[in-house]
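Written out below as structure tokens is the structure these notes cover.
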Amino acid sequence: MSDKAYSMPSCSCCFRKITPDDVGSVKFRCPSCGDVVHVRCSFCRKKEINYTCPACSFVGP
Ligand SMILES: [Zn+2]
Ligand SMILES: [Zn+2]
């Protein structure tokens with residue numbers, strides 16, 4: 001089976017797909033509820049755009 005194993009996450013801020021070569025992107029659990037995995041692309045990270053957790057409404061940089 002050669003199904004594509006890599007599912008591209010999308011950025012929590014701008015909803016763009018994160019490609020494997022986007023080396024500046026980060027992936028982390030919500031520091032407040034720990035339930036949601038947030039993804040930020042290198043662009044949003046550089047711009048320091050805030051994200052909002054859909055589960056607990058935590059807003060973080
Ligand atoms: Zn983004
Ligand atoms: Zn949360």
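Labeling convention for the structure tokens: chains A, B, ... as they appear, residues from 1 per chain, ligands from 1 in order of appearance.
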
Taking only C-alpha atoms and all ligand atoms into account, produce a table as a tab-separated table in which each residue of chain A with an atom at most 7 Å from an atom of ligand 1 appears once, together with its shortest atom pair and the distance in Å to one decimal, ordered by chain and rising number.
```
residue	atom	partner	partner_atom_place_in_ligand_line	distance
A:Cys11	CA	ligand 1	1 (Zn)	4.6
A:Ser12	CA	ligand 1	1 (Zn)	6.4
A:Cys13	CA	ligand 1	1 (Zn)	4.8
A:Cys14	CA	ligand 1	1 (Zn)	4.1
A:Phe15	CA	ligand 1	1 (Zn)	6.1
A:Arg16	CA	ligand 1	1 (Zn)	5.9
A:Arg40	CA	ligand 1	1 (Zn)	5.2
A:Cys41	CA	ligand 1	1 (Zn)	4.3
A:Ser42	CA	ligand 1	1 (Zn)	6.8
A:Phe43	CA	ligand 1	1 (Zn)	5.7
A:Cys44	CA	ligand 1	1 (Zn)	4.4
```

Dump as JSON lines the rows for residues of chain A within 12 Å of ligand 2: closest atom pair and distance in Å with one decimal, only C-alpha atoms and all ligand atoms counted, ordered by chain and rising residue number.
```
{"residue": "A:Phe28", "atom": "CA", "partner": "ligand 2", "partner_atom_place_in_ligand_line": "1 (Zn)", "distance": 10.9}
{"residue": "A:Arg29", "atom": "CA", "partner": "ligand 2", "partner_atom_place_in_ligand_line": "1 (Zn)", "distance": 8.0}
{"residue": "A:Cys30", "atom": "CA", "partner": "ligand 2", "partner_atom_place_in_ligand_line": "1 (Zn)", "distance": 4.7}
{"residue": "A:Pro31", "atom": "CA", "partner": "ligand 2", "partner_atom_place_in_ligand_line": "1 (Zn)", "distance": 6.7}
{"residue": "A:Ser32", "atom": "CA", "partner": "ligand 2", "partner_atom_place_in_ligand_line": "1 (Zn)", "distance": 5.0}
{"residue": "A:Cys33", "atom": "CA", "partner": "ligand 2", "partner_atom_place_in_ligand_line": "1 (Zn)", "distance": 4.1}
{"residue": "A:Gly34", "atom": "CA", "partner": "ligand 2", "partner_atom_place_in_ligand_line": "1 (Zn)", "distance": 5.9}
{"residue": "A:Asp35", "atom": "CA", "partner": "ligand 2", "partner_atom_place_in_ligand_line": "1 (Zn)", "distance": 6.0}
{"residue": "A:Val36", "atom": "CA", "partner": "ligand 2", "partner_atom_place_in_ligand_line": "1 (Zn)", "distance": 5.7}
{"residue": "A:Val37", "atom": "CA", "partner": "ligand 2", "partner_atom_place_in_ligand_line": "1 (Zn)", "distance": 8.4}
{"residue": "A:His38", "atom": "CA", "partner": "ligand 2", "partner_atom_place_in_ligand_line": "1 (Zn)", "distance": 8.9}
{"residue": "A:Tyr51", "atom": "CA", "partner": "ligand 2", "partner_atom_place_in_ligand_line": "1 (Zn)", "distance": 10.3}
{"residue": "A:Thr52", "atom": "CA", "partner": "ligand 2", "partner_atom_place_in_ligand_line": "1 (Zn)", "distance": 8.0}
{"residue": "A:Cys53", "atom": "CA", "partner": "ligand 2", "partner_atom_place_in_ligand_line": "1 (Zn)", "distance": 4.7}
{"residue": "A:Pro54", "atom": "CA", "partner": "ligand 2", "partner_atom_place_in_ligand_line": "1 (Zn)", "distance": 6.7}
{"residue": "A:Ala55", "atom": "CA", "partner": "ligand 2", "partner_atom_place_in_ligand_line": "1 (Zn)", "distance": 5.0}
{"residue": "A:Cys56", "atom": "CA", "partner": "ligand 2", "partner_atom_place_in_ligand_line": "1 (Zn)", "distance": 4.3}
{"residue": "A:Ser57", "atom": "CA", "partner": "ligand 2", "partner_atom_place_in_ligand_line": "1 (Zn)", "distance": 6.3}
{"residue": "A:Phe58", "atom": "CA", "partner": "ligand 2", "partner_atom_place_in_ligand_line": "1 (Zn)", "distance": 5.5}
{"residue": "A:Val59", "atom": "CA", "partner": "ligand 2", "partner_atom_place_in_ligand_line": "1 (Zn)", "distance": 8.5}
{"residue": "A:Gly60", "atom": "CA", "partner": "ligand 2", "partner_atom_place_in_ligand_line": "1 (Zn)", "distance": 9.7}
```

For the selection just defined, write its residues with N, CA and C atoms to a file, as a JSON list (two decimals), in the first residue's frame.
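part-v1.json was written with the following content:
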```json
[["chain", "number", "residue", "atom", "x", "y", "z"],
["A", 28, "PHE", "N", 1.84, 22.35, 18.53],
["A", 28, "PHE", "CA", 1.88, 22.21, 19.98],
["A", 28, "PHE", "C", 0.46, 22.07, 20.53],
["A", 29, "ARG", "N", 0.36, 21.47, 21.69],
["A", 29, "ARG", "CA", -0.93, 21.33, 22.34],
["A", 29, "ARG", "C", -1.32, 22.66, 22.98],
["A", 30, "CYS", "N", -2.61, 22.87, 23.09],
["A", 30, "CYS", "CA", -3.11, 24.07, 23.74],
["A", 30, "CYS", "C", -2.57, 24.16, 25.16],
["A", 31, "PRO", "N", -1.91, 25.26, 25.51],
["A", 31, "PRO", "CA", -1.34, 25.39, 26.85],
["A", 31, "PRO", "C", -2.40, 25.51, 27.93],
["A", 32, "SER", "N", -3.62, 25.77, 27.53],
["A", 32, "SER", "CA", -4.68, 25.93, 28.52],
["A", 32, "SER", "C", -5.45, 24.64, 28.77],
["A", 33, "CYS", "N", -6.00, 24.03, 27.71],
["A", 33, "CYS", "CA", -6.82, 22.84, 27.92],
["A", 33, "CYS", "C", -6.08, 21.56, 27.54],
["A", 34, "GLY", "N", -5.04, 21.67, 26.71],
["A", 34, "GLY", "CA", -4.28, 20.49, 26.32],
["A", 34, "GLY", "C", -5.03, 19.54, 25.41],
["A", 35, "ASP", "N", -6.18, 19.93, 24.97],
["A", 35, "ASP", "CA", -7.04, 19.06, 24.17],
["A", 35, "ASP", "C", -6.83, 19.24, 22.68],
["A", 36, "VAL", "N", -6.46, 20.44, 22.32],
["A", 36, "VAL", "CA", -6.39, 20.79, 20.91],
["A", 36, "VAL", "C", -4.94, 20.99, 20.51],
["A", 37, "VAL", "N", -4.59, 20.47, 19.34],
["A", 37, "VAL", "CA", -3.24, 20.70, 18.82],
["A", 37, "VAL", "C", -3.29, 21.89, 17.88],
["A", 38, "HIS", "N", -2.52, 22.90, 18.22],
["A", 38, "HIS", "CA", -2.47, 24.09, 17.38],
["A", 38, "HIS", "C", -1.30, 23.99, 16.43],
["A", 51, "TYR", "N", -3.63, 33.01, 17.94],
["A", 51, "TYR", "CA", -4.55, 31.94, 17.59],
["A", 51, "TYR", "C", -5.59, 31.84, 18.70],
["A", 52, "THR", "N", -6.73, 31.31, 18.39],
["A", 52, "THR", "CA", -7.76, 31.10, 19.39],
["A", 52, "THR", "C", -8.10, 29.62, 19.44],
["A", 53, "CYS", "N", -8.10, 29.06, 20.65],
["A", 53, "CYS", "CA", -8.42, 27.65, 20.81],
["A", 53, "CYS", "C", -9.93, 27.46, 20.63],
["A", 54, "PRO", "N", -10.34, 26.57, 19.75],
["A", 54, "PRO", "CA", -11.77, 26.34, 19.54],
["A", 54, "PRO", "C", -12.43, 25.64, 20.72],
["A", 55, "ALA", "N", -11.64, 25.01, 21.57],
["A", 55, "ALA", "CA", -12.21, 24.26, 22.69],
["A", 55, "ALA", "C", -12.39, 25.11, 23.94],
["A", 56, "CYS", "N", -11.38, 25.94, 24.26],
["A", 56, "CYS", "CA", -11.45, 26.68, 25.52],
["A", 56, "CYS", "C", -11.35, 28.18, 25.32],
["A", 57, "SER", "N", -11.30, 28.63, 24.08],
["A", 57, "SER", "CA", -11.26, 30.06, 23.76],
["A", 57, "SER", "C", -9.99, 30.75, 24.25],
["A", 58, "PHE", "N", -8.98, 29.96, 24.54],
["A", 58, "PHE", "CA", -7.70, 30.55, 24.93],
["A", 58, "PHE", "C", -7.07, 31.26, 23.73],
["A", 59, "VAL", "N", -6.62, 32.47, 23.95],
["A", 59, "VAL", "CA", -5.96, 33.19, 22.88],
["A", 59, "VAL", "C", -4.49, 33.30, 23.20],
["A", 60, "GLY", "N", -3.67, 32.84, 22.30],
["A", 60, "GLY", "CA", -2.24, 32.83, 22.57],
["A", 60, "GLY", "C", -1.44, 33.39, 21.42]]
```

All residues 6 Å or closer to Ile18 in chain A, only C-alpha atoms, same chain fewer than 4 positions away omitted, as a PyMOL selection string: chain A and resi 8-10

DSSP strand (DSSP E) residues within chain A, as a PyMOL selection string: chain A and resi 26-29+37-40+51-52+59-60

Test item, alpha helix (DSSP H) assignment across chain A, answer as a PyMOL selection string: chain A and resi 42-47
